[in-house]
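Undergrad: So I've got this file, run_18.json, and it contains JSON, N, CA and C atoms:
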```
[["chain", "number", "residue", "atom", "x", "y", "z"],
["A", 180, "MET", "N", 29.08, 5.70, 18.06],
["A", 180, "MET", "CA", 27.97, 4.86, 17.66],
["A", 180, "MET", "C", 28.45, 3.41, 17.62],
["A", 181, "PRO", "N", 27.71, 2.49, 18.27],
["A", 181, "PRO", "CA", 28.15, 1.09, 18.27],
["A", 181, "PRO", "C", 28.00, 0.44, 16.90],
["A", 182, "ARG", "N", 28.88, -0.50, 16.65],
["A", 182, "ARG", "CA", 28.85, -1.21, 15.37],
["A", 182, "ARG", "C", 27.67, -2.18, 15.34],
["A", 183, "ARG", "N", 26.98, -2.22, 14.23],
["A", 183, "ARG", "CA", 25.82, -3.11, 14.08],
["A", 183, "ARG", "C", 26.29, -4.52, 13.77],
["A", 184, "THR", "N", 25.68, -5.49, 14.41],
["A", 184, "THR", "CA", 26.04, -6.88, 14.17],
["A", 184, "THR", "C", 25.03, -7.61, 13.31],
["A", 185, "GLY", "N", 23.84, -7.06, 13.18],
["A", 185, "GLY", "CA", 22.81, -7.72, 12.37],
["A", 185, "GLY", "C", 22.01, -8.75, 13.13],
["A", 186, "GLN", "N", 22.20, -8.83, 14.45],
["A", 186, "GLN", "CA", 21.49, -9.84, 15.22],
["A", 186, "GLN", "C", 19.98, -9.57, 15.27],
["A", 187, "VAL", "N", 19.60, -8.33, 15.44],
["A", 187, "VAL", "CA", 18.17, -8.00, 15.48],
["A", 187, "VAL", "C", 17.54, -8.31, 14.13],
["A", 188, "GLU", "N", 18.23, -7.94, 13.07],
["A", 188, "GLU", "CA", 17.72, -8.21, 11.73],
["A", 188, "GLU", "C", 17.59, -9.71, 11.49],
["A", 189, "ALA", "N", 18.56, -10.47, 11.96],
["A", 189, "ALA", "CA", 18.50, -11.93, 11.80],
["A", 189, "ALA", "C", 17.32, -12.51, 12.57],
["A", 190, "LEU", "N", 17.06, -12.00, 13.77],
["A", 190, "LEU", "CA", 15.93, -12.48, 14.55],
["A", 190, "LEU", "C", 14.62, -12.15, 13.86],
["A", 191, "LEU", "N", 14.49, -10.93, 13.36],
["A", 191, "LEU", "CA", 13.27, -10.56, 12.64],
["A", 191, "LEU", "C", 13.08, -11.39, 11.37],
["A", 192, "ALA", "N", 14.17, -11.62, 10.66],
["A", 192, "ALA", "CA", 14.09, -12.41, 9.43],
["A", 192, "ALA", "C", 13.70, -13.85, 9.73],
["A", 193, "THR", "N", 14.22, -14.40, 10.81],
["A", 193, "THR", "CA", 13.87, -15.77, 11.19],
["A", 193, "THR", "C", 12.38, -15.88, 11.52],
["A", 194, "GLY", "N", 11.88, -14.90, 12.24],
["A", 194, "GLY", "CA", 10.45, -14.89, 12.54],
["A", 194, "GLY", "C", 9.60, -14.78, 11.29],
["A", 195, "GLY", "N", 10.02, -13.92, 10.37],
["A", 195, "GLY", "CA", 9.30, -13.78, 9.11],
["A", 195, "GLY", "C", 9.33, -15.05, 8.28],
["A", 196, "GLY", "N", 10.47, -15.72, 8.28],
["A", 196, "GLY", "CA", 10.58, -16.99, 7.56],
["A", 196, "GLY", "C", 9.69, -18.06, 8.16],
["A", 197, "ALA", "N", 9.60, -18.08, 9.49],
["A", 197, "ALA", "CA", 8.73, -19.05, 10.16],
["A", 197, "ALA", "C", 7.26, -18.79, 9.83],
["A", 198, "VAL", "N", 6.89, -17.53, 9.81],
["A", 198, "VAL", "CA", 5.50, -17.18, 9.47],
["A", 198, "VAL", "C", 5.20, -17.58, 8.02],
["A", 199, "ALA", "N", 6.14, -17.35, 7.13],
["A", 199, "ALA", "CA", 5.94, -17.73, 5.72],
["A", 199, "ALA", "C", 5.82, -19.24, 5.57],
["A", 200, "ALA", "N", 6.63, -19.99, 6.32],
["A", 200, "ALA", "CA", 6.55, -21.45, 6.26],
["A", 200, "ALA", "C", 5.21, -21.94, 6.80],
["A", 201, "LEU", "N", 4.74, -21.34, 7.88],
["A", 201, "LEU", "CA", 3.42, -21.72, 8.41],
["A", 201, "LEU", "C", 2.31, -21.40, 7.42],
["A", 202, "ALA", "N", 2.41, -20.27, 6.76],
["A", 202, "ALA", "CA", 1.41, -19.90, 5.76],
["A", 202, "ALA", "C", 1.44, -20.87, 4.58],
["A", 203, "ALA", "N", 2.63, -21.24, 4.14],
["A", 203, "ALA", "CA", 2.75, -22.21, 3.03],
["A", 203, "ALA", "C", 2.18, -23.56, 3.44],
["A", 204, "ARG", "N", 2.43, -23.96, 4.68],
["A", 204, "ARG", "CA", 1.90, -25.23, 5.19],
["A", 204, "ARG", "C", 0.38, -25.20, 5.23],
["A", 205, "ALA", "N", -0.18, -24.07, 5.66],
["A", 205, "ALA", "CA", -1.63, -23.94, 5.71],
["A", 205, "ALA", "C", -2.23, -23.98, 4.30],
["A", 206, "LEU", "N", -1.57, -23.33, 3.35],
["A", 206, "LEU", "CA", -2.07, -23.33, 1.98],
["A", 206, "LEU", "C", -1.99, -24.71, 1.34],
["A", 207, "LEU", "N", -1.02, -25.50, 1.76],
["A", 207, "LEU", "CA", -0.85, -26.84, 1.19],
["A", 207, "LEU", "C", -1.50, -27.93, 2.03],
["A", 208, "SER", "N", -2.36, -27.57, 2.96],
["A", 208, "SER", "CA", -2.96, -28.57, 3.83],
["A", 208, "SER", "C", -3.83, -29.56, 3.05],
["A", 209, "GLY", "N", -4.43, -29.10, 1.95],
["A", 209, "GLY", "CA", -5.22, -30.01, 1.11],
["A", 209, "GLY", "C", -4.36, -31.10, 0.49],
["A", 210, "VAL", "N", -3.14, -30.76, 0.12],
["A", 210, "VAL", "CA", -2.23, -31.78, -0.44],
["A", 210, "VAL", "C", -1.91, -32.81, 0.63],
["A", 211, "TYR", "N", -1.69, -32.36, 1.86],
["A", 211, "TYR", "CA", -1.42, -33.29, 2.95],
["A", 211, "TYR", "C", -2.59, -34.22, 3.17],
["A", 212, "GLN", "N", -3.79, -33.70, 3.14],
["A", 212, "GLN", "CA", -4.97, -34.52, 3.38],
["A", 212, "GLN", "C", -5.21, -35.49, 2.23],
["A", 213, "HIS", "N", -5.00, -35.03, 1.01],
["A", 213, "HIS", "CA", -5.29, -35.88, -0.15],
["A", 213, "HIS", "C", -4.24, -36.98, -0.34],
["A", 214, "HIS", "N", -2.99, -36.68, -0.04],
["A", 214, "HIS", "CA", -1.90, -37.65, -0.26],
["A", 214, "HIS", "C", -1.34, -38.14, 1.07],
["A", 215, "GLY", "N", -2.19, -38.35, 2.04],
["A", 215, "GLY", "CA", -1.75, -38.72, 3.38],
["A", 215, "GLY", "C", -0.99, -40.03, 3.46],
["A", 216, "GLN", "N", -1.16, -40.90, 2.48],
["A", 216, "GLN", "CA", -0.51, -42.22, 2.53],
["A", 216, "GLN", "C", 0.73, -42.32, 1.66],
["A", 217, "ASP", "N", 1.05, -41.29, 0.93],
["A", 217, "ASP", "CA", 2.19, -41.33, 0.01],
["A", 217, "ASP", "C", 3.35, -40.52, 0.58],
["A", 218, "PRO", "N", 4.34, -41.20, 1.17],
["A", 218, "PRO", "CA", 5.44, -40.47, 1.82],
["A", 218, "PRO", "C", 6.28, -39.62, 0.87],
["A", 219, "ALA", "N", 6.40, -40.02, -0.38],
["A", 219, "ALA", "CA", 7.21, -39.26, -1.33],
["A", 219, "ALA", "C", 6.59, -37.88, -1.57],
["A", 220, "VAL", "N", 5.29, -37.82, -1.70],
["A", 220, "VAL", "CA", 4.61, -36.54, -1.91],
["A", 220, "VAL", "C", 4.76, -35.67, -0.67],
["A", 221, "LEU", "N", 4.57, -36.27, 0.49],
["A", 221, "LEU", "CA", 4.67, -35.51, 1.74],
["A", 221, "LEU", "C", 6.08, -34.97, 1.96],
["A", 222, "GLU", "N", 7.09, -35.76, 1.62],
["A", 222, "GLU", "CA", 8.46, -35.28, 1.75],
["A", 222, "GLU", "C", 8.72, -34.10, 0.80],
["A", 223, "GLY", "N", 8.18, -34.19, -0.40],
["A", 223, "GLY", "CA", 8.34, -33.09, -1.36],
["A", 223, "GLY", "C", 7.66, -31.82, -0.89],
["A", 224, "VAL", "N", 6.46, -31.97, -0.34],
["A", 224, "VAL", "CA", 5.74, -30.80, 0.16],
["A", 224, "VAL", "C", 6.45, -30.23, 1.38],
["A", 225, "ASP", "N", 6.95, -31.08, 2.26],
["A", 225, "ASP", "CA", 7.71, -30.61, 3.42],
["A", 225, "ASP", "C", 8.95, -29.84, 2.98],
["A", 226, "ALA", "N", 9.64, -30.35, 1.98],
["A", 226, "ALA", "CA", 10.82, -29.66, 1.47],
["A", 226, "ALA", "C", 10.45, -28.31, 0.88],
["A", 227, "ALA", "N", 9.32, -28.25, 0.18],
["A", 227, "ALA", "CA", 8.87, -26.97, -0.39],
["A", 227, "ALA", "C", 8.53, -25.96, 0.70],
["A", 228, "VAL", "N", 7.89, -26.42, 1.76],
["A", 228, "VAL", "CA", 7.53, -25.54, 2.87],
["A", 228, "VAL", "C", 8.79, -25.00, 3.54],
["A", 229, "LEU", "N", 9.77, -25.87, 3.77],
["A", 229, "LEU", "CA", 11.03, -25.42, 4.37],
["A", 229, "LEU", "C", 11.76, -24.44, 3.46],
["A", 230, "ALA", "N", 11.73, -24.71, 2.17],
["A", 230, "ALA", "CA", 12.39, -23.81, 1.22],
["A", 230, "ALA", "C", 11.73, -22.44, 1.21],
["A", 231, "VAL", "N", 10.41, -22.40, 1.26],
["A", 231, "VAL", "CA", 9.70, -21.11, 1.30],
["A", 231, "VAL", "C", 10.11, -20.32, 2.54],
["A", 232, "GLY", "N", 10.17, -20.99, 3.68],
["A", 232, "GLY", "CA", 10.57, -20.32, 4.91],
["A", 232, "GLY", "C", 12.00, -19.81, 4.86],
["A", 233, "ALA", "N", 12.90, -20.63, 4.36],
["A", 233, "ALA", "CA", 14.32, -20.25, 4.31],
["A", 233, "ALA", "C", 14.55, -19.10, 3.33],
["A", 234, "VAL", "N", 13.96, -19.18, 2.17],
["A", 234, "VAL", "CA", 14.14, -18.12, 1.17],
["A", 234, "VAL", "C", 13.52, -16.81, 1.66],
["A", 235, "THR", "N", 12.38, -16.90, 2.30],
["A", 235, "THR", "CA", 11.76, -15.69, 2.84],
["A", 235, "THR", "C", 12.64, -15.06, 3.91],
["A", 236, "ALA", "N", 13.21, -15.89, 4.78],
["A", 236, "ALA", "CA", 14.09, -15.36, 5.83],
["A", 236, "ALA", "C", 15.30, -14.65, 5.22],
["A", 237, "VAL", "N", 15.89, -15.24, 4.21],
["A", 237, "VAL", "CA", 17.06, -14.62, 3.56],
["A", 237, "VAL", "C", 16.68, -13.29, 2.91],
["A", 238, "LEU", "N", 15.55, -13.27, 2.22],
["A", 238, "LEU", "CA", 15.13, -12.04, 1.55],
["A", 238, "LEU", "C", 14.81, -10.94, 2.56],
["A", 239, "ILE", "N", 14.15, -11.29, 3.65],
["A", 239, "ILE", "CA", 13.86, -10.30, 4.69],
["A", 239, "ILE", "C", 15.15, -9.77, 5.30],
["A", 240, "TYR", "N", 16.08, -10.67, 5.59],
["A", 240, "TYR", "CA", 17.36, -10.27, 6.19],
["A", 240, "TYR", "C", 18.12, -9.31, 5.28],
["A", 241, "ARG", "N", 18.20, -9.65, 4.01],
["A", 241, "ARG", "CA", 18.90, -8.78, 3.07],
["A", 241, "ARG", "C", 18.21, -7.42, 2.94],
["A", 242, "TRP", "N", 16.88, -7.43, 2.94],
["A", 242, "TRP", "CA", 16.14, -6.18, 2.85],
["A", 242, "TRP", "C", 16.36, -5.32, 4.09],
["A", 243, "LEU", "N", 16.37, -5.94, 5.27],
["A", 243, "LEU", "CA", 16.58, -5.19, 6.51],
["A", 243, "LEU", "C", 17.98, -4.60, 6.56],
["A", 244, "LEU", "N", 18.98, -5.33, 6.11],
["A", 244, "LEU", "CA", 20.34, -4.80, 6.12],
["A", 244, "LEU", "C", 20.51, -3.66, 5.12],
["A", 245, "ARG", "N", 19.81, -3.73, 4.01],
["A", 245, "ARG", "CA", 19.93, -2.73, 2.97],
["A", 245, "ARG", "C", 19.18, -1.44, 3.30],
["A", 246, "ARG", "N", 18.25, -1.50, 4.25],
["A", 246, "ARG", "CA", 17.42, -0.35, 4.59],
["A", 246, "ARG", "C", 18.23, 0.83, 5.12],
["A", 247, "ASP", "N", 19.32, 0.59, 5.79],
["A", 247, "ASP", "CA", 20.07, 1.68, 6.44],
["A", 247, "ASP", "C", 20.75, 2.58, 5.48]]
```
Rewrite the structure of this file - the entire thing - as structure tokens.

TA:
Amino acid sequence: MPRRTGQVEALLATGGGAVAALAARALLSGVYQHHGQDPAVLEGVDAAVLAVGAVTAVLIYRWLLRRD
């Protein structure tokens, strides 16, 4: 049996993280529209969206590796 490298799991987790980030961005679209002229707010929201995507990817990856 070949040794598992986790590449498939990493690819799936990355896709899941991207979907979560897009969903977070869609949910926060009102904040973008309301604070369109304030760069500090937009940077904070962008950081939150990236964090949601990254944390989701890590959680999915760990869950996929633990499934076996």

Undergrad: Identify which of the residues A:Thr235, A:Arg241, A:Gln212, A:Val187 lies closest to Ala199 of chain A, counting all atoms listed in the file when measuring atom-to-atom distances.

TA: A:Thr235

Undergrad: DSSP on the backbone: which residues in chain A end up as alpha helix (DSSP H)? Give the answer as number ranges by chain.

TA: A: 186-206, 208-213, 218-245

Undergrad: Report, in Å with one decimal, the straight-line distance from atom CA of Ala230 of chain A to atom CA of Ala200 of chain A.

TA: 8.1 Å

Undergrad: Record the distance separating atom CA of Leu243 of chain A and atom N of Val198 of chain A, expressed in Å with one decimal.

TA: 16.0 Å

Undergrad: Atom N of Leu244 of chain A and atom N of Arg183 of chain A, how far apart in Å?

TA: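 Calculated distance between atom N of Arg183 of chain A and atom N of Leu244 of chain A is 11.8 Å.
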
Undergrad: When you count all atoms listed in the file, which of these residues is closest to Val237 of chain A: A:Gly196, A:Gly223, A:Gly209, A:Pro218?

TA: A:Gly196

Undergrad: Fewer than 6 positions away in the same chain doesn't count, so skip those; otherwise give me all residues within 10 Å of Val224 of chain A, counting only C-alpha atoms, as a PyMOL selection string.

TA: chain A and resi 203-204+207-208+210-211+218+230

Undergrad: Restricting the calculation to all atoms listed in the file: of A:Gly185, A:Arg245, A:Asp217, A:Leu201, which residue gets closest to Leu229 of chain A?

TA: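 Among the listed residues, the smallest separation from Leu229 of chain A belongs to A:Leu201.
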
Undergrad: Where's the centre, and what are the edge lengths in Å to one decimal, of a box along x, y and z enclosing all listed atoms of segment 223-228 of chain A padded 6 Å per side, as AutoDock Vina command-line options?

TA:
```
--center_x 8.3 --center_y -29.6 --center_z 1.1 --size_x 17.1 --size_y 21.2 --size_z 16.9
```
